[in-house]
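Student: Quick one: this structure, given as structure tokens, is what I'll be asking you about.
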Amino acid sequence: MLPSDHRIDARDWSLLAVLSILWGGSFFFNGAALRELPPLTLVFLRVALGAAILVLLLRMQGIGFPKGAAGWAPFIAIGLLNNVIPFSLIVIGQTFIPSGLASILNATTPMFTIVVLVAAGEEALQMRRLAGVALGLAGVILLRGWGFETRPGQGLGILLCLGGALSYGFAALAARRLPKDAVPLGTATFQLMASTVMMAVVAGVVERPWQLPMPRLTTWLAVLGLAALSTALAYIVFFQIVRRSGASNVMLVTLLIPVTAILLGWLLLDEPISAREIAGAIVIGSALLVIDGRALGSLRRLSAAGRSSGSRETRRCETEKRGPNPR
């Protein structure tokens with residue numbers, strides 16, 4: 001059994017919070033852009049513009065491209081599993097279901113990730129992590145609530161979003177195969193470049209985007225936000241966490257996304273926060289502590305220390321009652 005991922009330190013918890021904001025915005029940007037753009041064309045624009053932004057940064061840093069088919073293979077694999085398949089399934093799913101429900105389904109990603117990594121022999125099955133993920137998913141459901149309008153094709157939309165979450169689980173496995181010396185900026189750029197080529201073929205064959213009417217400025221702004229913030233910048237942060245804390249830990253961000261979305265609405269849009277949402281956030285926070293494990297370890301050590309101190313005190317009292325040893 002290969003060793004499991006490292007625990008998450010304070011820096012990576014902060015990066016996970018940032019990533020949850022960046023990826024949480026993708027549901028908003030998708031919803032806005034889908035009013036005028038078909039889903040596969042939107043995914044193509046997302047990865048293509050994101051790749052263009054990162055290539056500029058890559059050249060400024062003087063980072064070279066992979067050599068040959070063998071050098072590109074791991075980036076093609078993670079581009080397919082981390083971008084092409086899940087982006088397409090989730091965006092198509094959002095044409096059938098609301099963004100809020102899509103974010104709840106996206107929060108199943110850590111559970112799929114654990115199942116995939118355990119089945120592949122990459123991690124031992126830790127009941128603590130599995131219980132923590134289940135608790136976190138319950139917190140997300142409590143946070144967002146089940147109330148949503150009924151739409152035609154809603155069952156299909158749910159299955160598509162779950163398929164996207166499963167693909168992210170396989171992407172975590174593919175991330176284990178990335179070169180050890182790959183820097184986060186290079187990894188983010190190369191997988192988006194590979195995704196751009198694949199999506200150009202898929203969108204070109206299915207939707208023929210060159211025949212579409214020109215979108216309005218608001219749609220282009222949503223696409224730009226999706227590419228620059230929720231893709232280019234988000235993947236730099238994503239692969240930084242993968243490198244430091246491991247592939248399964250970074251997927252915990254999907255539990256945080258609904259929390260940050262509600263907090264942003266409260267801070268920026270003056271939206272009220274209900275007691276149910278506060279309770280859901282507390283449950284999610286508790287789940288993350290369970291998954292991380294250090295808090296429970298500290299409680300066990302404190303409990304053991306308390307029992308040891310109590311035993312010593314009991315022995316001392318018994319000695320005093322017996323009096324001095326006559327020998």
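Quick note on naming: the chains in the structure tokens go A, B, ... in the order shown, residues restart at 1 in each chain, and ligands are numbered from 1 in order of appearance.
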Skipping near chain neighbours, those fewer than 3 positions away, what residues fall within 12 Å of Thr108 in chain A using only C-alpha atoms, listed as a ChimeraX atom specification?
Tutor: /A:101-105,111-115,130,133-141,158,161-169,251-257
Student: Can you spit out the residues from that selection as an mmCIF file, in the first residue's frame, using N, CA and C atoms?
Tutor:
data_model
loop_
_atom_site.group_PDB
_atom_site.id
_atom_site.type_symbol
_atom_site.label_atom_id
_atom_site.label_comp_id
_atom_site.auth_asym_id
_atom_site.auth_seq_id
_atom_site.Cartn_x
_atom_site.Cartn_y
_atom_site.Cartn_z
ATOM 1 N N LEU A 101 -28.004 23.406 -6.822
ATOM 2 C CA LEU A 101 -28.025 21.947 -6.791
ATOM 3 C C LEU A 101 -26.756 21.387 -7.418
ATOM 4 N N ALA A 102 -26.258 22.024 -8.468
ATOM 5 C CA ALA A 102 -25.018 21.561 -9.099
ATOM 6 C C ALA A 102 -23.850 21.626 -8.113
ATOM 7 N N SER A 103 -23.816 22.671 -7.279
ATOM 8 C CA SER A 103 -22.729 22.789 -6.296
ATOM 9 C C SER A 103 -22.834 21.711 -5.219
ATOM 10 N N ILE A 104 -24.068 21.321 -4.850
ATOM 11 C CA ILE A 104 -24.248 20.227 -3.891
ATOM 12 C C ILE A 104 -23.723 18.918 -4.481
ATOM 13 N N LEU A 105 -24.074 18.635 -5.718
ATOM 14 C CA LEU A 105 -23.608 17.410 -6.365
ATOM 15 C C LEU A 105 -22.099 17.434 -6.544
ATOM 16 N N MET A 111 -15.739 12.150 -1.833
ATOM 17 C CA MET A 111 -16.137 10.760 -1.612
ATOM 18 C C MET A 111 -15.742 9.897 -2.808
ATOM 19 N N PHE A 112 -15.995 10.384 -4.019
ATOM 20 C CA PHE A 112 -15.569 9.649 -5.205
ATOM 21 C C PHE A 112 -14.042 9.506 -5.234
ATOM 22 N N THR A 113 -13.341 10.550 -4.815
ATOM 23 C CA THR A 113 -11.879 10.520 -4.824
ATOM 24 C C THR A 113 -11.344 9.429 -3.904
ATOM 25 N N ILE A 114 -11.911 9.335 -2.708
ATOM 26 C CA ILE A 114 -11.477 8.298 -1.770
ATOM 27 C C ILE A 114 -11.725 6.908 -2.356
ATOM 28 N N VAL A 115 -12.899 6.713 -2.944
ATOM 29 C CA VAL A 115 -13.241 5.404 -3.523
ATOM 30 C C VAL A 115 -12.273 5.038 -4.643
ATOM 31 N N LEU A 130 -13.469 8.787 5.511
ATOM 32 C CA LEU A 130 -14.749 8.481 4.880
ATOM 33 C C LEU A 130 -15.907 9.060 5.687
ATOM 34 N N VAL A 133 -15.953 12.888 5.208
ATOM 35 C CA VAL A 133 -16.530 13.300 3.925
ATOM 36 C C VAL A 133 -18.049 13.169 3.944
ATOM 37 N N ALA A 134 -18.553 12.062 4.511
ATOM 38 C CA ALA A 134 -20.007 11.880 4.602
ATOM 39 C C ALA A 134 -20.633 12.974 5.459
ATOM 40 N N LEU A 135 -19.978 13.315 6.567
ATOM 41 C CA LEU A 135 -20.468 14.395 7.424
ATOM 42 C C LEU A 135 -20.438 15.730 6.682
ATOM 43 N N GLY A 136 -19.377 15.960 5.923
ATOM 44 C CA GLY A 136 -19.292 17.197 5.153
ATOM 45 C C GLY A 136 -20.367 17.301 4.097
ATOM 46 N N LEU A 137 -20.676 16.196 3.430
ATOM 47 C CA LEU A 137 -21.737 16.195 2.424
ATOM 48 C C LEU A 137 -23.085 16.488 3.070
ATOM 49 N N ALA A 138 -23.305 15.924 4.260
ATOM 50 C CA ALA A 138 -24.542 16.230 4.987
ATOM 51 C C ALA A 138 -24.611 17.715 5.328
ATOM 52 N N GLY A 139 -23.467 18.296 5.692
ATOM 53 C CA GLY A 139 -23.427 19.731 5.977
ATOM 54 C C GLY A 139 -23.743 20.574 4.761
ATOM 55 N N VAL A 140 -23.251 20.147 3.583
ATOM 56 C CA VAL A 140 -23.541 20.882 2.341
ATOM 57 C C VAL A 140 -25.027 20.835 2.037
ATOM 58 N N ILE A 141 -25.636 19.655 2.199
ATOM 59 C CA ILE A 141 -27.080 19.529 1.954
ATOM 60 C C ILE A 141 -27.867 20.406 2.925
ATOM 61 N N ILE A 158 -28.776 15.795 -12.899
ATOM 62 C CA ILE A 158 -28.154 15.276 -11.682
ATOM 63 C C ILE A 158 -27.109 14.213 -12.027
ATOM 64 N N CYS A 161 -23.926 15.837 -13.500
ATOM 65 C CA CYS A 161 -23.078 16.474 -12.486
ATOM 66 C C CYS A 161 -22.367 15.442 -11.625
ATOM 67 N N LEU A 162 -23.037 14.339 -11.305
ATOM 68 C CA LEU A 162 -22.386 13.265 -10.557
ATOM 69 C C LEU A 162 -21.273 12.627 -11.395
ATOM 70 N N GLY A 163 -21.498 12.520 -12.701
ATOM 71 C CA GLY A 163 -20.448 12.018 -13.580
ATOM 72 C C GLY A 163 -19.235 12.928 -13.582
ATOM 73 N N GLY A 164 -19.480 14.244 -13.530
ATOM 74 C CA GLY A 164 -18.367 15.181 -13.442
ATOM 75 C C GLY A 164 -17.591 15.019 -12.147
ATOM 76 N N ALA A 165 -18.302 14.822 -11.031
ATOM 77 C CA ALA A 165 -17.638 14.611 -9.743
ATOM 78 C C ALA A 165 -16.810 13.330 -9.755
ATOM 79 N N LEU A 166 -17.331 12.267 -10.380
ATOM 80 C CA LEU A 166 -16.578 11.020 -10.492
ATOM 81 C C LEU A 166 -15.314 11.219 -11.327
ATOM 82 N N SER A 167 -15.414 11.996 -12.388
ATOM 83 C CA SER A 167 -14.247 12.268 -13.221
ATOM 84 C C SER A 167 -13.161 13.002 -12.427
ATOM 85 N N TYR A 168 -13.569 13.917 -11.551
ATOM 86 C CA TYR A 168 -12.593 14.591 -10.687
ATOM 87 C C TYR A 168 -11.878 13.574 -9.792
ATOM 88 N N GLY A 169 -12.599 12.532 -9.356
ATOM 89 C CA GLY A 169 -11.970 11.492 -8.557
ATOM 90 C C GLY A 169 -10.864 10.781 -9.336
ATOM 91 N N MET A 251 -9.230 17.918 -3.099
ATOM 92 C CA MET A 251 -10.624 17.772 -3.499
ATOM 93 C C MET A 251 -11.594 18.176 -2.388
ATOM 94 N N LEU A 252 -11.075 18.373 -1.168
ATOM 95 C CA LEU A 252 -11.937 18.849 -0.081
ATOM 96 C C LEU A 252 -12.490 20.236 -0.371
ATOM 97 N N VAL A 253 -11.902 20.921 -1.359
ATOM 98 C CA VAL A 253 -12.352 22.278 -1.687
ATOM 99 C C VAL A 253 -13.828 22.281 -2.076
ATOM 100 N N THR A 254 -14.326 21.157 -2.631
ATOM 101 C CA THR A 254 -15.718 21.133 -3.069
ATOM 102 C C THR A 254 -16.689 21.217 -1.895
ATOM 103 N N LEU A 255 -16.233 20.849 -0.684
ATOM 104 C CA LEU A 255 -17.076 21.024 0.497
ATOM 105 C C LEU A 255 -17.125 22.488 0.927
ATOM 106 N N LEU A 256 -16.056 23.232 0.627
ATOM 107 C CA LEU A 256 -15.979 24.629 1.050
ATOM 108 C C LEU A 256 -16.696 25.577 0.092
ATOM 109 N N ILE A 257 -16.845 25.168 -1.155
ATOM 110 C CA ILE A 257 -17.393 26.077 -2.168
ATOM 111 C C ILE A 257 -18.769 26.626 -1.786
#
Student: Report, in Å to a single decimal, how far apart CA of Leu54 in chain A and CA of Leu192 in chain A are.
Tutor: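 Straight-line distance from CA of Leu192 in chain A to CA of Leu54 in chain A works out to 8.7 Å.
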Student: Would you pick out the contacts of range 60-77 of chain A at 12 Å or less, using only C-alpha atoms, so that residues sharing its chain but fewer than 2 positions from it are not included, and give the list as a ChimeraX atom specification?
Tutor: /A:53-58,79-85,167-168,170-199
Student: As an exercise, work out the distance from CA of Leu267 in chain A to CA of Gly280 in chain A in Å and give it to one decimal place.
Tutor: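 Separation between CA of Leu267 in chain A and CA of Gly280 in chain A: 17.9 Å.
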Student: Could you please determine the separation between CA of Ala131 in chain A and CA of Val290 in chain A in Å, to one decimal place?
Tutor: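 Those two atoms sit 7.9 Å apart.
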Student: Taking into account only C-alpha atoms, which residue in the set A:Ala17, A:Leu34, A:Leu49, A:Ile97 is nearest to Ala232 in chain A?
Tutor: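 Among A:Ala17, A:Leu34, A:Leu49, A:Ile97, it is A:Leu49 that comes nearest to Ala232 in chain A.
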Student: Under the rule that only C-alpha atoms are counted, which of A:Leu22, A:Ala32, A:Leu263, A:Leu159 is the nearest residue to Leu89 in chain A?
Tutor: A:Leu159
Student: Looking at only C-alpha atoms, which of A:Val205, A:Leu15, A:Val43, A:Leu160 is the one that sits closest to Phe238 in chain A?
Tutor: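 For Phe238 in chain A, the nearest of the candidates is A:Leu15.
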